[in-house]
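K.L.:
Data: entry-v5.cif, mmCIF, C-alpha atoms.
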data_coords
#
loop_
_atom_site.label_atom_id
_atom_site.label_comp_id
_atom_site.auth_asym_id
_atom_site.auth_seq_id
_atom_site.Cartn_x
_atom_site.Cartn_y
_atom_site.Cartn_z
CA MET N 1 -7.81 13.98 -24.34
CA LYS N 2 -8.63 10.84 -26.36
CA THR N 3 -4.94 10.40 -27.14
CA THR N 4 -4.02 10.72 -23.47
CA ILE N 5 -6.54 8.11 -22.39
CA LEU N 6 -5.44 5.75 -25.18
CA LEU N 7 -1.82 6.01 -24.02
CA LEU N 8 -2.90 5.31 -20.46
CA LEU N 9 -4.76 2.21 -21.53
CA LEU N 10 -1.77 0.94 -23.48
CA MET N 11 0.72 1.57 -20.69
CA ILE N 12 1.91 -1.62 -19.03
CA SER N 13 3.15 -1.46 -15.44
CA SER N 14 6.11 -3.56 -14.32
CA ASN N 15 5.18 -6.69 -12.35
CA GLY N 16 8.62 -8.21 -11.90
CA LEU N 17 9.27 -10.05 -8.65
CA CYS N 18 12.71 -10.85 -7.23
CA GLU N 19 14.35 -8.64 -9.83
CA LEU N 20 14.60 -4.90 -10.30
CA PRO N 21 11.53 -3.48 -12.07
CA THR N 22 12.23 -2.35 -15.62
CA VAL N 23 11.36 0.99 -17.17
CA SER N 24 8.78 0.59 -19.94
CA GLU N 25 8.02 4.23 -20.73
CA SER N 26 9.75 7.50 -19.91
CA ILE N 27 7.87 9.74 -17.50
CA ASP N 28 10.89 11.81 -16.43
CA SER N 29 9.60 15.09 -17.84
CA LEU N 30 6.05 14.91 -16.50
CA SER N 31 5.05 17.39 -13.83
CA TYR N 32 3.46 16.27 -10.56
CA PRO N 33 -0.13 16.89 -11.80
CA GLU N 34 0.63 15.39 -15.23
CA LEU N 35 1.98 12.24 -13.61
CA ALA N 36 -1.10 12.11 -11.37
CA GLN N 37 -3.40 12.22 -14.39
CA LYS N 38 -1.45 9.57 -16.27
CA MET N 39 -1.19 7.00 -13.49
CA LEU N 40 -4.61 7.41 -11.88
CA THR N 41 -6.59 7.33 -15.12
CA LYS N 42 -5.10 3.95 -16.00
CA GLU N 43 -5.57 2.46 -12.52
CA VAL N 44 -9.15 3.69 -12.07
CA LEU N 45 -10.18 2.17 -15.39
CA GLY N 46 -8.58 -1.06 -14.20
CA ILE N 47 -10.50 -1.39 -10.94
CA VAL N 48 -13.80 -0.48 -12.62
CA THR N 49 -13.28 -3.36 -15.07
CA ALA N 50 -12.33 -5.76 -12.26
CA LEU N 51 -15.26 -4.80 -10.01
CA LYS N 52 -17.74 -5.52 -12.80
CA LYS N 53 -16.63 -9.18 -12.68
CA VAL N 54 -17.55 -9.67 -9.00
CA GLY N 55 -20.82 -11.55 -8.53
CA PRO N 56 -22.92 -13.73 -6.18
CA GLN N 57 -20.66 -16.76 -6.81
CA THR N 58 -17.35 -15.00 -6.22
CA LEU N 59 -15.16 -16.70 -3.60
CA PRO N 60 -12.82 -14.95 -1.11
CA HIS N 61 -9.55 -16.00 -2.79
CA GLU N 62 -10.81 -14.68 -6.13
CA THR N 63 -10.76 -11.11 -4.81
CA LYS N 64 -7.10 -11.02 -3.78
CA VAL N 65 -5.83 -9.28 -6.92
CA LEU N 66 -8.84 -6.93 -6.95
CA ARG N 67 -8.17 -5.80 -3.39
CA LYS N 68 -4.53 -5.11 -4.24
CA SER N 69 -5.70 -3.00 -7.18
CA ILE N 70 -8.02 -1.00 -4.94
CA GLY N 71 -5.11 -0.52 -2.54
CA ARG N 72 -2.90 0.67 -5.39
CA VAL N 73 -5.44 3.35 -6.38
CA LYS N 74 -5.71 4.38 -2.73
CA GLY N 75 -1.95 4.75 -2.63
CA LEU N 76 -1.84 6.79 -5.83
CA LEU N 77 -4.56 9.10 -4.50
CA ASP N 78 -2.45 9.60 -1.36
CA LEU N 79 0.67 10.13 -3.46
CA PHE N 80 -1.04 12.76 -5.63
CA ALA N 81 -3.24 14.26 -2.92
CA TYR N 82 -1.88 17.76 -3.56
CA ALA N 83 -2.89 17.67 -7.23
CA TYR N 84 -6.66 17.56 -6.70
CA ASN N 85 -8.66 20.58 -5.62
CA THR N 86 -12.18 21.10 -4.32
CA LYS N 87 -14.84 22.18 -6.80
CA ASN N 88 -18.12 23.92 -6.02
CA GLY N 89 -17.52 23.29 -2.34
CA GLN N 90 -17.07 19.55 -2.89
CA ASP N 91 -13.86 17.66 -2.13
CA LEU N 92 -14.15 14.77 -4.57
CA TRP N 93 -10.61 13.61 -3.77
CA LYS N 94 -11.61 13.10 -0.14
CA ALA N 95 -14.88 11.39 -1.11
CA PHE N 96 -13.12 9.08 -3.58
CA ARG N 97 -10.38 8.22 -1.08
CA LYS N 98 -12.93 7.47 1.66
CA ASP N 99 -15.04 5.38 -0.71
CA LEU N 100 -12.02 3.26 -1.67
CA ASP N 101 -11.05 2.86 1.98
CA VAL N 102 -14.46 1.35 2.73
CA GLY N 103 -14.25 -1.03 -0.23
CA TYR N 104 -10.69 -2.01 0.66
CA THR N 105 -11.84 -2.89 4.18
CA TYR N 106 -14.86 -4.89 3.01
CA TYR N 107 -12.91 -6.88 0.44
CA GLY N 108 -10.18 -7.40 3.02
CA GLN N 109 -12.64 -8.94 5.47
CA PHE N 110 -13.97 -11.17 2.68
CA LYS N 111 -10.46 -12.21 1.58
CA ASP N 112 -9.49 -12.96 5.19
CA LEU N 113 -11.87 -15.94 5.08
CA PHE N 114 -9.38 -17.48 2.67
CA ASP N 115 -6.20 -16.23 4.34
CA VAL N 116 -7.08 -17.74 7.73
CA GLN N 117 -7.12 -21.20 6.17
CA ASN N 118 -3.43 -20.93 5.28
CA THR N 119 -3.91 -23.10 2.22
CA THR N 120 -4.07 -22.91 -1.58
CA ALA N 121 -7.05 -21.69 -3.58
CA GLU N 122 -7.60 -25.25 -4.84
CA GLU N 123 -7.78 -26.67 -1.31
CA ALA N 124 -9.75 -23.85 0.33
CA VAL N 125 -13.07 -24.88 1.89
CA TYR N 126 -15.84 -22.39 2.59
CA ASN N 127 -19.05 -22.42 4.58
CA GLU N 128 -21.52 -20.55 2.37
CA GLU N 129 -23.54 -19.36 5.35
CA GLU N 130 -20.38 -17.88 6.84
CA ILE N 131 -19.05 -16.14 3.73
CA LYS N 132 -22.38 -14.93 2.29
CA PRO N 133 -22.78 -11.89 4.62
CA PHE N 134 -19.25 -10.73 3.79
CA ARG N 135 -19.83 -11.20 0.05
CA THR N 136 -23.18 -9.38 0.26
CA THR N 137 -21.47 -6.41 1.92
CA CYS N 138 -18.86 -6.33 -0.86
CA LEU N 139 -21.50 -6.53 -3.58
CA LYS N 140 -23.53 -3.74 -2.00
CA TRP N 141 -20.49 -1.46 -1.86
CA THR N 142 -19.51 -2.42 -5.44
CA LYS N 143 -22.95 -1.53 -6.77
CA GLN N 144 -22.84 1.86 -5.06
CA PHE N 145 -19.27 2.52 -6.22
CA LEU N 146 -20.08 1.66 -9.85
CA ASN N 147 -23.12 3.93 -9.91
CA ARG N 148 -22.82 5.68 -13.26
CA LYS N 149 -23.04 9.19 -11.86
CA ARG N 150 -20.58 8.51 -9.05
CA ILE N 151 -17.94 6.79 -11.15
CA ARG N 152 -18.18 9.52 -13.79
CA LYS N 153 -17.34 12.08 -11.10
CA TYR N 154 -14.32 10.06 -10.00
CA LYS N 155 -13.06 9.64 -13.56
CA THR N 156 -13.54 13.36 -14.23
CA LEU N 157 -11.59 14.13 -11.06
CA VAL N 158 -8.48 12.12 -11.92
CA ILE N 159 -8.14 13.45 -15.48
CA ASN N 160 -8.38 17.07 -14.30
CA PRO N 161 -5.60 17.71 -11.76
CA SER N 162 -4.75 21.19 -10.50
CA HIS N 163 -1.50 22.77 -11.65
CA LYS N 164 -1.16 24.63 -8.35
CA ARG N 165 -0.51 22.82 -5.09
CA VAL N 166 -3.71 22.19 -3.19
CA LEU N 167 -3.95 22.72 0.57
CA ARG N 168 -4.32 19.40 2.39
CA VAL N 169 -4.42 18.86 6.16
CA LYS N 170 -5.32 15.29 7.11
CA LEU N 171 -3.36 12.82 5.01
CA SER N 172 -2.17 9.23 5.20
CA ARG N 173 0.82 8.81 7.50
CA PHE N 174 2.27 6.48 4.87
CA TYR N 175 2.54 9.27 2.30
CA TRP N 176 2.52 13.06 2.83
CA GLY N 177 1.51 12.84 6.48
CA PRO N 178 3.78 13.64 9.46
CA TYR N 179 7.28 12.19 9.31
CA ILE N 180 9.94 11.65 11.95
CA GLN N 181 13.35 13.23 12.02
CA THR N 182 15.99 12.16 14.51
CA LYS N 183 19.00 14.00 15.82
CA LYS N 184 21.40 13.60 18.70
CA LYS N 185 20.93 15.89 21.69
CA ASN N 186 22.99 15.31 24.82
CA GLY N 187 23.54 11.72 23.72
CA LYS N 188 19.82 11.05 23.29
CA VAL N 189 17.69 10.62 20.19
CA VAL N 190 15.09 13.35 19.84
CA ILE N 191 12.08 12.56 17.68
CA LYS N 192 10.55 15.53 15.90
CA ASN N 193 7.51 15.56 13.62
CA ILE N 194 7.96 17.20 10.23
CA SER N 195 5.69 17.45 7.18
CA LEU N 196 6.94 16.80 3.68
CA LYS N 197 5.01 18.37 0.80
CA PRO N 198 5.43 18.08 -2.98
CA ASP N 199 7.33 20.83 -4.76
CA PHE N 200 5.58 21.80 -7.99
CA SER N 201 8.83 23.24 -9.38
CA LEU N 202 10.16 19.65 -9.48
CA THR N 203 8.99 16.88 -11.81
CA GLY N 204 6.45 14.36 -10.62
CA LEU N 205 9.09 11.64 -10.42
CA GLU N 206 11.42 13.85 -8.36
CA ASN N 207 8.61 14.39 -5.87
CA VAL N 208 7.90 10.67 -5.71
CA LYS N 209 11.60 9.99 -5.11
CA ASN N 210 11.76 12.52 -2.26
CA LEU N 211 8.74 10.94 -0.60
CA MET N 212 9.99 7.36 -1.02
CA GLN N 213 13.38 8.24 0.45
CA ALA N 214 11.66 9.95 3.40
CA THR N 215 9.50 6.85 3.85
CA LEU N 216 12.50 4.53 4.01
CA LYS N 217 14.29 6.90 6.39
CA LEU N 218 11.30 6.62 8.71
CA ALA N 219 11.45 2.84 8.33
CA LEU N 220 15.06 3.04 9.53
CA VAL N 221 13.85 4.75 12.70
CA GLU N 222 11.14 2.13 13.19
CA HIS N 223 13.52 -0.78 12.49
CA ASP N 224 15.11 -0.83 15.95
CA HIS N 225 11.74 -0.40 17.66
CA VAL N 226 10.40 -3.41 15.77
CA LEU N 227 13.27 -5.54 17.05
CA ASP N 228 12.39 -4.43 20.60
CA VAL N 229 8.72 -5.46 20.29
CA GLY N 230 7.85 -7.87 23.11
CA SER N 231 4.53 -9.33 21.98
CA LEU N 232 2.17 -8.88 19.04
CA LEU N 233 -0.76 -9.67 21.33
CA VAL N 234 -0.40 -6.07 22.54
CA HIS N 235 -2.17 -3.72 20.10
CA GLU N 236 0.48 -0.97 20.11
CA ASN N 237 3.20 -3.50 19.27
CA SER N 238 1.12 -5.09 16.53
CA GLU N 239 0.45 -1.66 15.01
CA LEU N 240 4.15 -0.71 15.02
CA PHE N 241 5.05 -4.06 13.45
CA HIS N 242 2.40 -3.61 10.75
CA ASP N 243 3.38 0.03 10.09
CA PHE N 244 7.02 -0.90 9.51
CA ARG N 245 6.01 -3.61 7.07
CA LYS N 246 3.56 -1.30 5.30
CA ARG N 247 6.14 1.48 5.00
CA VAL N 248 8.72 -0.80 3.39
CA ARG N 249 6.04 -2.34 1.17
CA THR N 250 4.83 1.12 0.07
CA VAL N 251 8.26 1.72 -1.45
CA SER N 252 9.54 -1.67 -2.62
CA LYS N 253 6.46 -3.66 -3.52
CA ASN N 254 4.24 -0.79 -4.60
CA ASN N 255 5.87 2.40 -5.84
CA MET N 256 9.13 0.96 -7.15
CA LYS N 257 7.04 -1.33 -9.34
CA ILE N 258 4.77 1.49 -10.46
CA PHE N 259 7.74 3.82 -10.94
CA PRO N 260 10.80 1.68 -11.76
CA GLU N 261 12.56 4.92 -12.76
CA LEU N 262 13.06 5.52 -9.03
CA ILE N 263 15.90 2.99 -9.02
CA VAL N 264 18.75 4.98 -10.56
CA VAL N 265 21.66 2.81 -9.40
CA ARG N 266 21.32 -0.75 -10.71
CA ASN N 267 23.84 -3.41 -9.68
CA GLU N 268 23.93 -6.75 -7.88
CA GLU N 269 24.04 -5.15 -4.45
CA VAL N 270 20.94 -3.06 -5.18
CA GLU N 271 19.13 -6.01 -6.73
CA ALA N 272 19.84 -8.16 -3.65
CA ALA N 273 18.65 -5.37 -1.34
CA TYR N 274 15.48 -4.86 -3.38
CA ASP N 275 14.70 -8.60 -3.35
CA LEU N 276 14.97 -8.72 0.44
CA LEU N 277 12.72 -5.69 0.95
CA VAL N 278 10.11 -7.30 -1.28
CA GLU N 279 10.52 -10.53 0.67
CA LEU N 280 10.18 -8.61 3.95
CA SER N 281 6.61 -7.74 3.04
CA ASP N 282 5.81 -11.45 2.61
CA VAL N 283 7.70 -12.57 5.75
CA PHE N 284 6.00 -9.95 7.92
CA GLY N 285 2.72 -10.49 6.07
CA ALA N 286 2.58 -14.21 6.92
CA LEU N 287 2.84 -13.37 10.61
CA ASN N 288 0.38 -10.49 10.30
CA ASP N 289 -2.11 -12.92 8.70
CA LYS N 290 -2.01 -15.01 11.88
CA VAL N 291 -2.68 -11.95 14.01
CA THR N 292 -5.58 -11.06 11.71
CA ALA N 293 -6.87 -14.65 11.89
CA MET N 294 -6.73 -14.57 15.70
CA HIS N 295 -8.89 -11.42 15.78
CA LEU N 296 -11.25 -12.86 13.17
CA TYR N 297 -11.77 -16.05 15.19
CA GLU N 298 -12.42 -13.95 18.28
CA SER N 299 -15.06 -11.93 16.39
CA LEU N 300 -16.71 -15.19 15.30
CA ASN N 301 -16.66 -16.45 18.94
CA GLU N 302 -14.31 -19.27 17.97
CA HIS N 303 -12.16 -18.65 21.03
CA GLU N 304 -10.43 -22.02 21.01
CA MET N 305 -9.08 -21.38 17.52
CA ALA N 306 -7.99 -17.88 18.53
CA GLU N 307 -6.15 -19.18 21.60
CA SER N 308 -4.37 -21.85 19.55
CA LEU N 309 -2.79 -19.15 17.39
CA LYS N 310 -1.28 -17.12 20.23
CA PRO N 311 1.76 -19.35 20.93
CA GLN N 312 2.37 -19.62 17.16
CA ILE N 313 2.33 -15.82 16.86
CA GLU N 314 4.85 -15.41 19.68
CA GLN N 315 7.13 -18.09 18.24
CA ASP N 316 6.93 -16.68 14.71
CA LEU N 317 7.72 -13.18 15.98
CA THR N 318 11.07 -14.44 17.27
CA SER N 319 11.76 -16.08 13.89
CA VAL N 320 10.90 -12.88 12.01
CA LYS N 321 13.18 -10.80 14.23
CA ASN N 322 16.02 -13.25 13.58
CA TRP N 323 15.32 -13.06 9.85
CA VAL N 324 15.59 -9.24 9.99
CA ILE N 325 18.91 -9.43 11.85
CA ASP N 326 20.38 -12.24 9.73
CA ASN N 327 19.54 -10.46 6.49
CA LYS N 328 20.81 -7.07 7.70
CA ILE N 329 17.57 -5.36 6.70
CA LYS N 330 18.65 -1.99 8.08
CA GLU N 331 21.64 -2.03 5.73
CA LYS N 332 19.41 -3.04 2.81
CA ILE N 333 17.08 -0.12 3.47
CA GLU N 334 20.06 2.25 3.42
CA ILE N 335 21.20 0.75 0.09
CA MET N 336 17.78 1.37 -1.49
CA ILE N 337 17.71 4.96 -0.22
CA SER N 338 21.08 5.55 -1.93
CA ALA N 339 19.97 3.71 -5.08
CA MET N 340 17.42 6.45 -5.73
CA ASP N 341 20.20 9.06 -6.06
CA SER N 342 22.16 9.44 -9.28
#
Would you mind writing the file out in structure tokens?

P.N.:
Amino acid sequence: MKTTILLLLLMISSNGLCELPTVSESIDSLSYPELAQKMLTKEVLGIVTALKKVGPQTLPHETKVLRKSIGRVKGLLDLFAYAYNTKNGQDLWKAFRKDLDVGYTYYGQFKDLFDVQNTTAEEAVYNEEEIKPFRTTCLKWTKQFLNRKRIRKYKTLVINPSHKRVLRVKLSRFYWGPYIQTKKKNGKVVIKNISLKPDFSLTGLENVKNLMQATLKLALVEHDHVLDVGSLLVHENSELFHDFRKRVRTVSKNNMKIFPELIVVRNEEVEAAYDLLVELSDVFGALNDKVTAMHLYESLNEHEMAESLKPQIEQDLTSVKNWVIDNKIKEKIEIMISAMDS
């Protein structure tokens, strides 16, 4: 066990941007539960270390990397949901996942106080009375999360996966949740819900590949709907827009960096497609930040500021749609789906 943990601590994940992630260590032969143990042990140790550095002087922009790390652990828990069983009537996977979800939300609300300024960390200006309640909420959650007994349970969970597939019902729609399959029927597109589950007879990486390809195929379905969105001021439209971005980001910006082995075909066409899907997350994210800012201003009763953002949001939506069309994003998604096949 000590050797396993040491290897996990030494493992370096790829952080390349605007280039294909590189493979640093072979994980091809690891089973689904073995891969779960390897990846989650490293990431959990990472967020524990980062959370210990948060204090009463921490500023919103200083938590950006931390929140991404919490999100990455959330994603890995979703990815390996079927590897963790209940014990003594307790579902620690569910408790851990819910705990992280709360922290991710709190740190997101705190970080938003920086994002709404649309400026650099050096030029950001904060009102201490305004940010203090958000920071206090984060610190309270952090203290509870780092409780010695609680964190020991979470660490014990991730290093002891089940080698038989666990029954799971309610799961993230961005991972093993319900997916959409389309087929032609009398000239019309029929949408049918299907559920994809990991196959324990396959390696962990093969299961990840199957899920990432299914995720991008769903993004292909959503692509045309996103281009038809009329206004992001309507909640359903905003949610669809955000879901499409999150689905593409889950593959390109998250899992392809964590698992660079997913990209089997490597050439200039694939590299260009990958770059654009990474960029998509930023292009859509900039607009999503304005939508988030509008809602934040409304919650703070700063209605004039909220109203001033609405025409910008509508104008930027048109620009984003044009960017998607000009860069042939649908084609790029198809290229990345094929790039995962040998």

K.L.:
Taking 4 positions as the minimum chain separation for residues in the same chain, which residues sit within 9 Å of Val226 in chain N when counting all atoms listed in the file? Answer as a VMD selection string.

P.N.:
chain N and resid 222 230 237 240 to 241 244 321

K.L.:
At a cut-off of 9 Å, using all atoms listed in the file, what residues contact range 311-317 of chain N? Leave out same-chain residues fewer than 2 positions from it and give the result as a list of chain:residue names.

P.N.:
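Residues meeting the cut-off are N:Val229, N:Gly230, N:Ser231, N:Leu232, N:Leu233, N:Phe284, N:Leu287, N:Asn288, N:Lys290, N:Val291, N:Glu307, N:Ser308, N:Leu309, N:Ser319, N:Val320, N:Lys321, N:Asn322.
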
K.L.:
Give me a file of those residues, with C-alpha atoms, as a PDB file, keeping the file's coordinate frame.

P.N.:
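Saved file out-v4.pdb follows:
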ATOM      1  CA  VAL N 229       8.720  -5.460  20.290  1.00  0.00           C
ATOM      2  CA  GLY N 230       7.850  -7.870  23.110  1.00  0.00           C
ATOM      3  CA  SER N 231       4.530  -9.330  21.980  1.00  0.00           C
ATOM      4  CA  LEU N 232       2.170  -8.880  19.040  1.00  0.00           C
ATOM      5  CA  LEU N 233      -0.760  -9.670  21.330  1.00  0.00           C
ATOM      6  CA  PHE N 284       6.000  -9.950   7.920  1.00  0.00           C
ATOM      7  CA  LEU N 287       2.840 -13.370  10.610  1.00  0.00           C
ATOM      8  CA  ASN N 288       0.380 -10.490  10.300  1.00  0.00           C
ATOM      9  CA  LYS N 290      -2.010 -15.010  11.880  1.00  0.00           C
ATOM     10  CA  VAL N 291      -2.680 -11.950  14.010  1.00  0.00           C
ATOM     11  CA  GLU N 307      -6.150 -19.180  21.600  1.00  0.00           C
ATOM     12  CA  SER N 308      -4.370 -21.850  19.550  1.00  0.00           C
ATOM     13  CA  LEU N 309      -2.790 -19.150  17.390  1.00  0.00           C
ATOM     14  CA  SER N 319      11.760 -16.080  13.890  1.00  0.00           C
ATOM     15  CA  VAL N 320      10.900 -12.880  12.010  1.00  0.00           C
ATOM     16  CA  LYS N 321      13.180 -10.800  14.230  1.00  0.00           C
ATOM     17  CA  ASN N 322      16.020 -13.250  13.580  1.00  0.00           C
TER      18      ASN N 322
END

K.L.:
Could you check which residues have any atom within 12 Å of (9.1, 14.8, -13.2), counting all atoms listed in the file with coordinates taken straight from the file, and then list them as a PyMOL selection string?

P.N.:
chain N and resi 26-36+198-210+259+261-262

K.L.:
To verify the selection step, state as a ChimeraX atom specification which residues the PyMOL selection byres ((chain N and resi 243) around 12) yields on this input.

P.N.:
/N:172-174,215-216,218-219,221-223,225-226,236-242,244-250,281,284-285,288

K.L.:
Would you output that residue set with C-alpha atoms, as a PDB file, in the coordinates of the input?

P.N.:
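Output saved as part-v2.pdb:
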ATOM      1  CA  SER N 172      -2.170   9.230   5.200  1.00  0.00           C
ATOM      2  CA  ARG N 173       0.820   8.810   7.500  1.00  0.00           C
ATOM      3  CA  PHE N 174       2.270   6.480   4.870  1.00  0.00           C
ATOM      4  CA  THR N 215       9.500   6.850   3.850  1.00  0.00           C
ATOM      5  CA  LEU N 216      12.500   4.530   4.010  1.00  0.00           C
ATOM      6  CA  LEU N 218      11.300   6.620   8.710  1.00  0.00           C
ATOM      7  CA  ALA N 219      11.450   2.840   8.330  1.00  0.00           C
ATOM      8  CA  VAL N 221      13.850   4.750  12.700  1.00  0.00           C
ATOM      9  CA  GLU N 222      11.140   2.130  13.190  1.00  0.00           C
ATOM     10  CA  HIS N 223      13.520  -0.780  12.490  1.00  0.00           C
ATOM     11  CA  HIS N 225      11.740  -0.400  17.660  1.00  0.00           C
ATOM     12  CA  VAL N 226      10.400  -3.410  15.770  1.00  0.00           C
ATOM     13  CA  GLU N 236       0.480  -0.970  20.110  1.00  0.00           C
ATOM     14  CA  ASN N 237       3.200  -3.500  19.270  1.00  0.00           C
ATOM     15  CA  SER N 238       1.120  -5.090  16.530  1.00  0.00           C
ATOM     16  CA  GLU N 239       0.450  -1.660  15.010  1.00  0.00           C
ATOM     17  CA  LEU N 240       4.150  -0.710  15.020  1.00  0.00           C
ATOM     18  CA  PHE N 241       5.050  -4.060  13.450  1.00  0.00           C
ATOM     19  CA  HIS N 242       2.400  -3.610  10.750  1.00  0.00           C
ATOM     20  CA  PHE N 244       7.020  -0.900   9.510  1.00  0.00           C
ATOM     21  CA  ARG N 245       6.010  -3.610   7.070  1.00  0.00           C
ATOM     22  CA  LYS N 246       3.560  -1.300   5.300  1.00  0.00           C
ATOM     23  CA  ARG N 247       6.140   1.480   5.000  1.00  0.00           C
ATOM     24  CA  VAL N 248       8.720  -0.800   3.390  1.00  0.00           C
ATOM     25  CA  ARG N 249       6.040  -2.340   1.170  1.00  0.00           C
ATOM     26  CA  THR N 250       4.830   1.120   0.070  1.00  0.00           C
ATOM     27  CA  SER N 281       6.610  -7.740   3.040  1.00  0.00           C
ATOM     28  CA  PHE N 284       6.000  -9.950   7.920  1.00  0.00           C
ATOM     29  CA  GLY N 285       2.720 -10.490   6.070  1.00  0.00           C
ATOM     30  CA  ASN N 288       0.380 -10.490  10.300  1.00  0.00           C
TER      31      ASN N 288
END

K.L.:
Calculated over all atoms listed in the file, which of the candidates N:Gln117, N:Ile159, N:Thr105, N:Tyr175 has the smallest distance to Thr137 in chain N?

P.N.:
N:Thr105

K.L.:
Please, what distance in Å, to one decimal, runs between CA of Tyr297 in chain N and CA of Phe134 in chain N?

P.N.:
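Going from CA of Tyr297 in chain N over to CA of Phe134 in chain N covers 14.6 Å.
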
K.L.:
Suppose a student applies the PyMOL selection byres ((chain N and resi 95-98) around 9) to this structure; what residues should they get, written as a list in words?

P.N.:
Val73, Lys74, Leu77, Asp78, Gln90, Asp91, Leu92, Trp93, Lys94, Asp99, Leu100, Asp101, Val102, Gly103 and Tyr154 of chain N

K.L.:
Can you write out the residues you just picked, keeping C-alpha atoms, as a PDB file, in the coordinates of the input?

P.N.:
ATOM      1  CA  VAL N  73      -5.440   3.350  -6.380  1.00  0.00           C
ATOM      2  CA  LYS N  74      -5.710   4.380  -2.730  1.00  0.00           C
ATOM      3  CA  LEU N  77      -4.560   9.100  -4.500  1.00  0.00           C
ATOM      4  CA  ASP N  78      -2.450   9.600  -1.360  1.00  0.00           C
ATOM      5  CA  GLN N  90     -17.070  19.550  -2.890  1.00  0.00           C
ATOM      6  CA  ASP N  91     -13.860  17.660  -2.130  1.00  0.00           C
ATOM      7  CA  LEU N  92     -14.150  14.770  -4.570  1.00  0.00           C
ATOM      8  CA  TRP N  93     -10.610  13.610  -3.770  1.00  0.00           C
ATOM      9  CA  LYS N  94     -11.610  13.100  -0.140  1.00  0.00           C
ATOM     10  CA  ASP N  99     -15.040   5.380  -0.710  1.00  0.00           C
ATOM     11  CA  LEU N 100     -12.020   3.260  -1.670  1.00  0.00           C
ATOM     12  CA  ASP N 101     -11.050   2.860   1.980  1.00  0.00           C
ATOM     13  CA  VAL N 102     -14.460   1.350   2.730  1.00  0.00           C
ATOM     14  CA  GLY N 103     -14.250  -1.030  -0.230  1.00  0.00           C
ATOM     15  CA  TYR N 154     -14.320  10.060 -10.000  1.00  0.00           C
TER      16      TYR N 154
END

K.L.:
Any chance you could resolve the PyMOL selection byres ((chain N and resi 141) around 10) against this file and give the residues as JSON, numbers by chain?

P.N.:
{"N": [99, 100, 102, 103, 106, 107, 135, 136, 137, 138, 139, 140, 142, 143, 144, 145, 146]}

K.L.:
Counting only C-alpha atoms, figure out which residue out of N:Trp176, N:Leu45, N:Ala83, N:Arg67 gets nearest to Arg152 in chain N.

P.N.:
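Comparing N:Trp176, N:Leu45, N:Ala83, N:Arg67 against Arg152 in chain N, the winner is N:Leu45.
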
K.L.:
Using all atoms listed in the file, can you tell me which of N:Asp115, N:Glu269, N:Glu129, N:Glu62 comes closest to Ala339 in chain N?

P.N.:
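For Ala339 in chain N, the nearest of the given residues is N:Glu269.
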
K.L.:
Just checking: using all atoms listed in the file, which residue out of N:Leu227, N:Ala306, N:Ile47, N:Ala124 ends up closest to Gly71 in chain N?

P.N.:
N:Ile47
